[in-house]
Structure formats: C-alpha cells, structure tokens
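Undergrad: First the structure, which I've put down as structure tokens, then a few questions once you've had a look.
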Amino acid sequence: MQQTGQQHAIVPREKLDFGLDGDIPKYWFAGDPFKTRFFDALSTLFPEGEKFFIVCVRDFSAGITDPQLAQEVRDFTRQEGQHGMVHTRFNTRLEEQGIKVQRLMERQKDVMFGVFRRLFSRRYTLALTAASEHMTAVMAHSFFERREILQDTDPRIRAMYAWHAIEEIEHKAVAFDVMQKVAKVGYFTRILAMLHVSWGMPLHTFIIMAHMFRVDGFSLGRRAGIWLRGLWWLYKPGGLYAPVLGHYFAYYKPGYHPWKAGQMRTYSSWTDTFERTGDPIAAGNALHAAGI
Ligand SMILES: [Fe+2]
Ligand SMILES: [Fe+2]
C-alpha cells in the first residue's frame, strides 16, 4: 500500500504486566485530583470505545482487497482488544474506590451502539472512528513529547499510557485508510465526524470526572477550584493541548493523511527499550525520559 510518510509497523503486544495490582496511590498523578481523574475518566471510556472502533472498521472488512490493509486491520483489532483488557483491569481499581464504572460503561454503550449505530450510516460511524483515532494520536503526542507533562506520576500507570500511546501511533492510519480507500468517505463527512468527536469526547470525559469528584466527596467549593485549576492546566497557552493544536487541525486539510502529520520523535525510545528488556515499565520510563 502506498504510504505518504514514515510508517511504523503495527505490533500487537500481549500479556503485558504493568503491576497494576500494586500499592498505587489513589491520586497517582502528583496527588492532584483533576489530573488523576482526567486520565481515570479516559480509562473508563476505552474498553467500550475501542470495541466500537473495532466494529465500525470491521463493517468494511469484506470490501478490503489490499492484503496489507487487511493485515493492518487485524493488527489494529488485536491492539485495541489488548487496550480494552488492560484498561478494564485498571478500572477495577476505580470500581473499588466507589466509581460506578459499570454504570458509566453501560451509558456509553447505549450512546454508541444504541444511538450512533442505529441512527447514523456505517460510513459515518467509521468516520467517527477515524476522527477518534486522530484524537488519541494527538493525545499520545501531548502526553509524552514533553517530560514536564507526566512528571510526578506513578510509573506503572504512566507505563500503561505509554504503551497505549505507542500502539495508537502505530495504528493511527488504519481506520483512516479504510475510511478513504474502502468506504470512500468524502471530505464533508470526515470533517462533520471530527467536529462531532471534538465536542463529544471532552464532554463525556468531563461528565465522568464530575461523577468521580462527587464520589470522592469534595465540597462544591472545592470542586469549583479543582475545575478552574484543571481546565487551565488543560487549555492554557503552553498547557497540555496548546502545543498540539497544529497537529489536531491538520485533520481539516483536504489532502490530510495521518502519516503526513505528527511524527513522534521519541517513538523509538519505547520500542528499543521494550525490545531489549521486555519490560513495559522500563519502556514507559524511557519514553517519558526522552521527552523534551
Ligand atoms: Fe487503543
Ligand atoms: Fe486506536
């Protein structure tokens, strides 16, 4: 298959042990409720979200004639399946803290499978998948390109996100290629789906975080402070997202392809360390340390 940039191989990695059963502090991100619960909320979204992505890509499996793309879809499916399993294991920690993970997941399933897949066309739900994959690739960059972002975090959970980020980078073009080459989704649908995901994803994350803060027992005043400081951390100039806005907006260019934008400079620090040690925590530490 013709590629436009520097493509990485898609390597499904299974049975990785991040030591998530260990004694991990509740607020594992710098003791900070907002930063911790932001990542925890993402973790509750992944298992059902990734199932949805797999189903929406597989809708078009029968039409794939390129054997390389067919193999990439299989590897993408295996990677996303593993992500769902590891995040499910992590989410049992949240359940033990009183977070209604099962209820949150049921609600998410109702929206994606009960509403989206019932109301929208298969081509549109594939476009939603490709847009979400772009968002996860952008997040992968924002979490690991600058060392300061995930400074003072538990290395086990950081390693789980590092592995997930690396694999999101590896398979970032799969849904997009199926969308363009097989489903023949046009520019308008692609952009509409991106606008949909751009408000839907943060909205759902914030709704889940609001539930988590209530379970955590913070007073109204305390929660207001947590939100103000947290939203500033996310959106301030030089914050989590500002440096990757260019990468995000690249999706809106008519000739965009995932391999044309956003090469992850630090990618090989993870893969080299993992190949040498087989240890996903060491690889996560290496990826973090390689940040600027
Ligand atoms: Fe994933
Ligand atoms: Fe993905």
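Labeling convention for the structure tokens: chains A, B, ... as they appear, residues from 1 per chain, ligands from 1 in order of appearance.
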Give me, as a ChimeraX atom specification, all polymer residues having an atom no more than 6 Å from stretch 128-138 of chain A, counting only C-alpha atoms and skipping those fewer than 3 positions away in the same chain.
TA: /A:53,125,141,168-169,175-176,193-194
Undergrad: Take the residues just selected and output them with N, CA and C atoms as a short mmCIF file (atom, residue, chain, number, x, y, z; two decimals), in the first residue's frame.
TA:
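Resulting contents of out-v7.cif:
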data_model
loop_
_atom_site.label_atom_id
_atom_site.label_comp_id
_atom_site.auth_asym_id
_atom_site.auth_seq_id
_atom_site.Cartn_x
_atom_site.Cartn_y
_atom_site.Cartn_z
N PHE A 53 -14.82 1.05 17.95
CA PHE A 53 -13.90 1.30 16.83
C PHE A 53 -13.70 0.02 16.00
N THR A 125 -20.23 6.21 11.07
CA THR A 125 -19.63 5.68 12.30
C THR A 125 -18.15 5.32 12.07
N HIS A 141 0.81 12.24 21.60
CA HIS A 141 1.89 13.23 21.46
C HIS A 141 1.90 14.17 22.65
N GLU A 168 -1.17 3.41 19.64
CA GLU A 168 -2.08 4.32 18.93
C GLU A 168 -1.35 5.00 17.77
N ILE A 169 -0.07 5.31 18.00
CA ILE A 169 0.74 5.91 16.93
C ILE A 169 0.93 4.87 15.80
N ALA A 175 -7.89 3.05 10.51
CA ALA A 175 -9.30 3.42 10.32
C ALA A 175 -9.42 4.47 9.20
N PHE A 176 -8.45 5.37 9.16
CA PHE A 176 -8.46 6.43 8.14
C PHE A 176 -8.35 5.83 6.73
N ALA A 193 -17.73 14.45 11.19
CA ALA A 193 -17.45 13.48 12.25
C ALA A 193 -16.39 14.02 13.21
N MET A 194 -15.40 14.74 12.68
CA MET A 194 -14.36 15.30 13.54
C MET A 194 -14.94 16.36 14.47
#
Undergrad: Find the residues near ligand 1. Use a cut-off of 6 Å, count only C-alpha atoms and all ligand atoms, and write them as a PyMOL selection string.
TA: chain A and resi 80+83+164+168
Undergrad: May I have the residues within 9 Å of stretch 233-246 of chain A as a VMD selection string, using only C-alpha atoms and disregarding those fewer than 6 positions away in the same chain?
TA: chain A and resid 35 138 to 139 141 to 143 149 262
Undergrad: Could you give me, as a PyMOL selection string, the residues within 7 Å of A:Gly84, counting only C-alpha atoms and dropping anything in the same chain fewer than 2 positions from it?
TA: chain A and resi 46-47+50+80-82+86-88
Undergrad: Which residues, written as a PyMOL selection string, have at least one atom at most 7 Å from stretch 267-283 of chain A, with only C-alpha atoms counted and residues fewer than 5 positions away on the same chain left out?
TA: chain A and resi 16+18+155-156+159+166+290
Undergrad: Take the residues from that selection and write them out as a PDB file, in the first residue's frame, keeping C-alpha atoms.
TA:
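Listing of selection.pdb after writing:
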ATOM      1  CA  LEU A  16       1.999  -7.147  29.407  1.00  0.00           C
ATOM      2  CA  PHE A  18       2.178  -3.153  34.450  1.00  0.00           C
ATOM      3  CA  PRO A 155       5.480   4.896  36.789  1.00  0.00           C
ATOM      4  CA  ARG A 156       3.170   1.858  36.447  1.00  0.00           C
ATOM      5  CA  ALA A 159       3.767   2.942  31.540  1.00  0.00           C
ATOM      6  CA  ILE A 166       2.876   3.917  21.199  1.00  0.00           C
ATOM      7  CA  ALA A 290      13.066  11.034  26.124  1.00  0.00           C
TER       8      ALA A 290
END
Undergrad: With a distance cut-off of 12 Å and only C-alpha atoms, select the neighbouring residues of A:Glu96, excluding the residue or stretch itself and same-chain residues fewer than 4 positions from it, and output the selection as a list in words.
TA: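 Listed by chain and then number, they are Asp21, Lys26, Arg89, Phe90, Asn91, Thr92, Lys100, Val101, Gln102, Val215 and Asp216 of chain A.
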Undergrad: Dump all heavy atoms for the selected residues as a short mmCIF file (atom, residue, chain, number, x, y, z; two decimals), in the first residue's frame?
TA:
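Produced file again09.cif, reproduced below:
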data_model
loop_
_atom_site.label_atom_id
_atom_site.label_comp_id
_atom_site.auth_asym_id
_atom_site.auth_seq_id
_atom_site.Cartn_x
_atom_site.Cartn_y
_atom_site.Cartn_z
N ASP A 21 -1.82 -4.21 40.11
CA ASP A 21 -2.41 -4.67 41.37
C ASP A 21 -1.63 -4.14 42.58
O ASP A 21 -2.02 -4.37 43.71
CB ASP A 21 -2.40 -6.22 41.43
CG ASP A 21 -3.17 -6.81 40.26
OD1 ASP A 21 -4.15 -6.17 39.84
OD2 ASP A 21 -2.77 -7.88 39.77
N LYS A 26 -4.22 6.63 45.37
CA LYS A 26 -5.47 6.98 44.69
C LYS A 26 -5.25 8.13 43.70
O LYS A 26 -5.63 8.04 42.54
CB LYS A 26 -6.50 7.38 45.75
CG LYS A 26 -7.86 7.75 45.21
CD LYS A 26 -8.82 8.00 46.37
CE LYS A 26 -10.17 8.46 45.92
NZ LYS A 26 -11.07 8.73 47.07
N ARG A 89 -8.81 -3.97 33.51
CA ARG A 89 -8.13 -4.38 34.75
C ARG A 89 -7.86 -3.15 35.62
O ARG A 89 -8.09 -3.15 36.82
CB ARG A 89 -6.82 -5.09 34.40
CG ARG A 89 -6.32 -5.99 35.51
CD ARG A 89 -5.17 -6.85 35.03
NE ARG A 89 -5.46 -7.50 33.75
CZ ARG A 89 -4.57 -7.73 32.78
NH1 ARG A 89 -3.31 -7.36 32.93
NH2 ARG A 89 -4.91 -8.33 31.66
N PHE A 90 -7.38 -2.09 35.00
CA PHE A 90 -7.12 -0.85 35.74
C PHE A 90 -8.42 -0.32 36.35
O PHE A 90 -8.44 0.16 37.50
CB PHE A 90 -6.50 0.20 34.82
CG PHE A 90 -6.31 1.54 35.49
CD1 PHE A 90 -5.25 1.77 36.35
CD2 PHE A 90 -7.23 2.56 35.29
CE1 PHE A 90 -5.09 2.98 36.99
CE2 PHE A 90 -7.08 3.79 35.92
CZ PHE A 90 -6.01 4.00 36.77
N ASN A 91 -9.51 -0.42 35.60
CA ASN A 91 -10.77 0.17 36.05
C ASN A 91 -11.36 -0.52 37.28
O ASN A 91 -12.18 0.07 37.98
CB ASN A 91 -11.80 0.15 34.90
CG ASN A 91 -11.39 1.09 33.78
OD1 ASN A 91 -10.50 1.93 33.97
ND2 ASN A 91 -12.02 0.95 32.63
N THR A 92 -10.91 -1.76 37.57
CA THR A 92 -11.38 -2.41 38.80
C THR A 92 -10.89 -1.63 40.02
O THR A 92 -11.55 -1.60 41.05
CB THR A 92 -10.91 -3.88 38.91
OG1 THR A 92 -9.49 -3.89 38.86
CG2 THR A 92 -11.48 -4.74 37.82
N LYS A 100 -18.71 4.36 39.74
CA LYS A 100 -19.68 3.45 39.13
C LYS A 100 -19.26 3.12 37.69
O LYS A 100 -19.91 3.53 36.72
CB LYS A 100 -21.09 4.07 39.12
CG LYS A 100 -21.58 4.48 40.49
CD LYS A 100 -21.96 3.26 41.32
CE LYS A 100 -22.50 3.64 42.69
NZ LYS A 100 -22.09 2.68 43.73
N VAL A 101 -18.17 2.39 37.59
CA VAL A 101 -17.59 2.12 36.26
C VAL A 101 -18.58 1.37 35.37
O VAL A 101 -18.76 1.72 34.20
CB VAL A 101 -16.26 1.32 36.39
CG1 VAL A 101 -15.71 0.97 35.03
CG2 VAL A 101 -15.24 2.12 37.18
N GLN A 102 -19.22 0.35 35.94
CA GLN A 102 -20.15 -0.44 35.11
C GLN A 102 -21.28 0.42 34.56
O GLN A 102 -21.65 0.32 33.40
CB GLN A 102 -20.73 -1.61 35.93
CG GLN A 102 -19.75 -2.74 36.19
CD GLN A 102 -19.07 -3.24 34.89
OE1 GLN A 102 -19.69 -3.34 33.84
NE2 GLN A 102 -17.78 -3.51 34.97
N VAL A 215 -18.10 11.33 44.01
CA VAL A 215 -17.79 10.11 44.77
C VAL A 215 -16.64 10.37 45.73
O VAL A 215 -16.63 9.88 46.86
CB VAL A 215 -17.44 8.94 43.80
CG1 VAL A 215 -16.90 7.73 44.56
CG2 VAL A 215 -18.65 8.56 42.97
N ASP A 216 -15.68 11.17 45.29
CA ASP A 216 -14.52 11.46 46.13
C ASP A 216 -14.89 12.34 47.34
O ASP A 216 -14.07 12.54 48.23
CB ASP A 216 -13.42 12.15 45.31
CG ASP A 216 -12.75 11.17 44.35
OD1 ASP A 216 -12.98 9.95 44.48
OD2 ASP A 216 -12.01 11.62 43.45
#
Undergrad: Could you give me, as a list in words, the residues within 12 Å of A:Tyr256, counting only C-alpha atoms and dropping anything in the same chain fewer than 6 positions from it?
TA: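 Non-adjacent residues within range: Thr4, Gly5, His134, Ala173, Phe176, Asp177, Gln180, Tyr187, Arg190, Ile191, His247, Tyr248, Phe249, Ala250 and Gly262 of chain A.
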Undergrad: Could you take the residues named above and write them with N, CA, C and O atoms, as a PDB file, in the first residue's frame?
TA:
ATOM      1  N   THR A   4       2.421   7.744   2.668  1.00  0.00           N
ATOM      2  CA  THR A   4       2.903   9.083   2.386  1.00  0.00           C
ATOM      3  C   THR A   4       3.966   9.553   3.365  1.00  0.00           C
ATOM      4  O   THR A   4       4.538  10.597   3.196  1.00  0.00           O
ATOM      5  N   GLY A   5       4.214   8.825   4.405  1.00  0.00           N
ATOM      6  CA  GLY A   5       5.176   9.293   5.405  1.00  0.00           C
ATOM      7  C   GLY A   5       5.951   8.157   6.002  1.00  0.00           C
ATOM      8  O   GLY A   5       6.047   7.085   5.433  1.00  0.00           O
ATOM      9  N   HIS A 134      -7.634   9.905  15.453  1.00  0.00           N
ATOM     10  CA  HIS A 134      -6.793  11.101  15.337  1.00  0.00           C
ATOM     11  C   HIS A 134      -6.640  11.759  16.710  1.00  0.00           C
ATOM     12  O   HIS A 134      -5.539  12.155  17.095  1.00  0.00           O
ATOM     13  N   ALA A 173      -3.261   5.188  11.231  1.00  0.00           N
ATOM     14  CA  ALA A 173      -3.801   5.400   9.877  1.00  0.00           C
ATOM     15  C   ALA A 173      -4.779   4.315   9.437  1.00  0.00           C
ATOM     16  O   ALA A 173      -5.355   4.417   8.354  1.00  0.00           O
ATOM     17  N   PHE A 176      -8.446   5.374   9.159  1.00  0.00           N
ATOM     18  CA  PHE A 176      -8.460   6.433   8.140  1.00  0.00           C
ATOM     19  C   PHE A 176      -8.349   5.826   6.733  1.00  0.00           C
ATOM     20  O   PHE A 176      -9.075   6.215   5.817  1.00  0.00           O
ATOM     21  N   ASP A 177      -7.439   4.874   6.569  1.00  0.00           N
ATOM     22  CA  ASP A 177      -7.254   4.253   5.248  1.00  0.00           C
ATOM     23  C   ASP A 177      -8.493   3.470   4.822  1.00  0.00           C
ATOM     24  O   ASP A 177      -8.891   3.513   3.654  1.00  0.00           O
ATOM     25  N   GLN A 180     -11.077   6.031   3.731  1.00  0.00           N
ATOM     26  CA  GLN A 180     -10.867   6.689   2.435  1.00  0.00           C
ATOM     27  C   GLN A 180     -10.825   5.710   1.264  1.00  0.00           C
ATOM     28  O   GLN A 180     -11.392   5.969   0.218  1.00  0.00           O
ATOM     29  N   TYR A 187     -14.812  14.361   2.048  1.00  0.00           N
ATOM     30  CA  TYR A 187     -14.274  15.376   2.961  1.00  0.00           C
ATOM     31  C   TYR A 187     -15.335  15.877   3.936  1.00  0.00           C
ATOM     32  O   TYR A 187     -15.090  15.989   5.132  1.00  0.00           O
ATOM     33  N   ARG A 190     -16.084  13.400   6.731  1.00  0.00           N
ATOM     34  CA  ARG A 190     -14.893  13.278   7.588  1.00  0.00           C
ATOM     35  C   ARG A 190     -14.828  14.445   8.575  1.00  0.00           C
ATOM     36  O   ARG A 190     -14.573  14.248   9.762  1.00  0.00           O
ATOM     37  N   ILE A 191     -15.085  15.654   8.083  1.00  0.00           N
ATOM     38  CA  ILE A 191     -14.980  16.851   8.925  1.00  0.00           C
ATOM     39  C   ILE A 191     -16.156  16.930   9.901  1.00  0.00           C
ATOM     40  O   ILE A 191     -15.980  17.280  11.077  1.00  0.00           O
ATOM     41  N   HIS A 247      -1.272  19.927  15.137  1.00  0.00           N
ATOM     42  CA  HIS A 247      -1.457  18.515  14.785  1.00  0.00           C
ATOM     43  C   HIS A 247      -2.956  18.201  14.702  1.00  0.00           C
ATOM     44  O   HIS A 247      -3.429  17.566  13.755  1.00  0.00           O
ATOM     45  N   TYR A 248      -3.710  18.693  15.686  1.00  0.00           N
ATOM     46  CA  TYR A 248      -5.168  18.473  15.685  1.00  0.00           C
ATOM     47  C   TYR A 248      -5.798  19.057  14.415  1.00  0.00           C
ATOM     48  O   TYR A 248      -6.542  18.386  13.708  1.00  0.00           O
ATOM     49  N   PHE A 249      -5.471  20.313  14.115  1.00  0.00           N
ATOM     50  CA  PHE A 249      -6.121  20.990  12.988  1.00  0.00           C
ATOM     51  C   PHE A 249      -5.664  20.456  11.623  1.00  0.00           C
ATOM     52  O   PHE A 249      -6.334  20.687  10.619  1.00  0.00           O
ATOM     53  N   ALA A 250      -4.556  19.737  11.592  1.00  0.00           N
ATOM     54  CA  ALA A 250      -4.086  19.172  10.318  1.00  0.00           C
ATOM     55  C   ALA A 250      -5.157  18.278   9.693  1.00  0.00           C
ATOM     56  O   ALA A 250      -5.236  18.128   8.471  1.00  0.00           O
ATOM     57  N   GLY A 262       2.532  14.881  12.381  1.00  0.00           N
ATOM     58  CA  GLY A 262       2.753  14.393  13.728  1.00  0.00           C
ATOM     59  C   GLY A 262       3.598  13.146  13.840  1.00  0.00           C
ATOM     60  O   GLY A 262       3.143  12.130  14.350  1.00  0.00           O
TER      61      GLY A 262
END
Undergrad: Using only C-alpha atoms, which of the listed residues (A:Gln71, A:Thr189, A:Thr205, A:Asn285) sits closest to A:Ile157?
TA: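 The closest residue to A:Ile157 is A:Asn285.
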Undergrad: Find the residue from A:Met201, A:Leu119, A:Ala165, A:Met85 that sits nearest to A:Ala140; use only C-alpha atoms when measuring.
TA: A:Ala165
Undergrad: Restricting the calculation to only C-alpha atoms: of A:His204, A:Arg58, A:Arg158, A:Arg147, which residue gets closest to A:Leu126?
TA: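 Among A:His204, A:Arg58, A:Arg158, A:Arg147, it is A:Arg58 that comes nearest to A:Leu126.
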Undergrad: Closest to ligand 2 among A:Lys172, A:His196, A:Lys51, A:His257, using only C-alpha atoms and all ligand atoms?
TA: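 That would be A:Lys172, the residue with the smallest distance to ligand 2.
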Undergrad: Hey, which of A:Arg13, A:Arg118, A:His171, A:Lys181 ends up closest to ligand 2? Count only C-alpha atoms and all ligand atoms.
TA: A:His171
Undergrad: Using DSSP on the backbone coordinates, identify the residues of stretch 54-188 of chain A assigned to alpha helix (DSSP H); present them as a PyMOL selection string.
TA: chain A and resi 54-58+67-96+101-109+117-119+122-144+155-170+174-177+187-188
Undergrad: Select, from A:Val182, A:Ala41, A:Ile10, A:Leu94, the residue with the minimum atom-to-atom distance to A:Pro25, counting only C-alpha atoms.
TA: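 Nearest to A:Pro25: A:Leu94.
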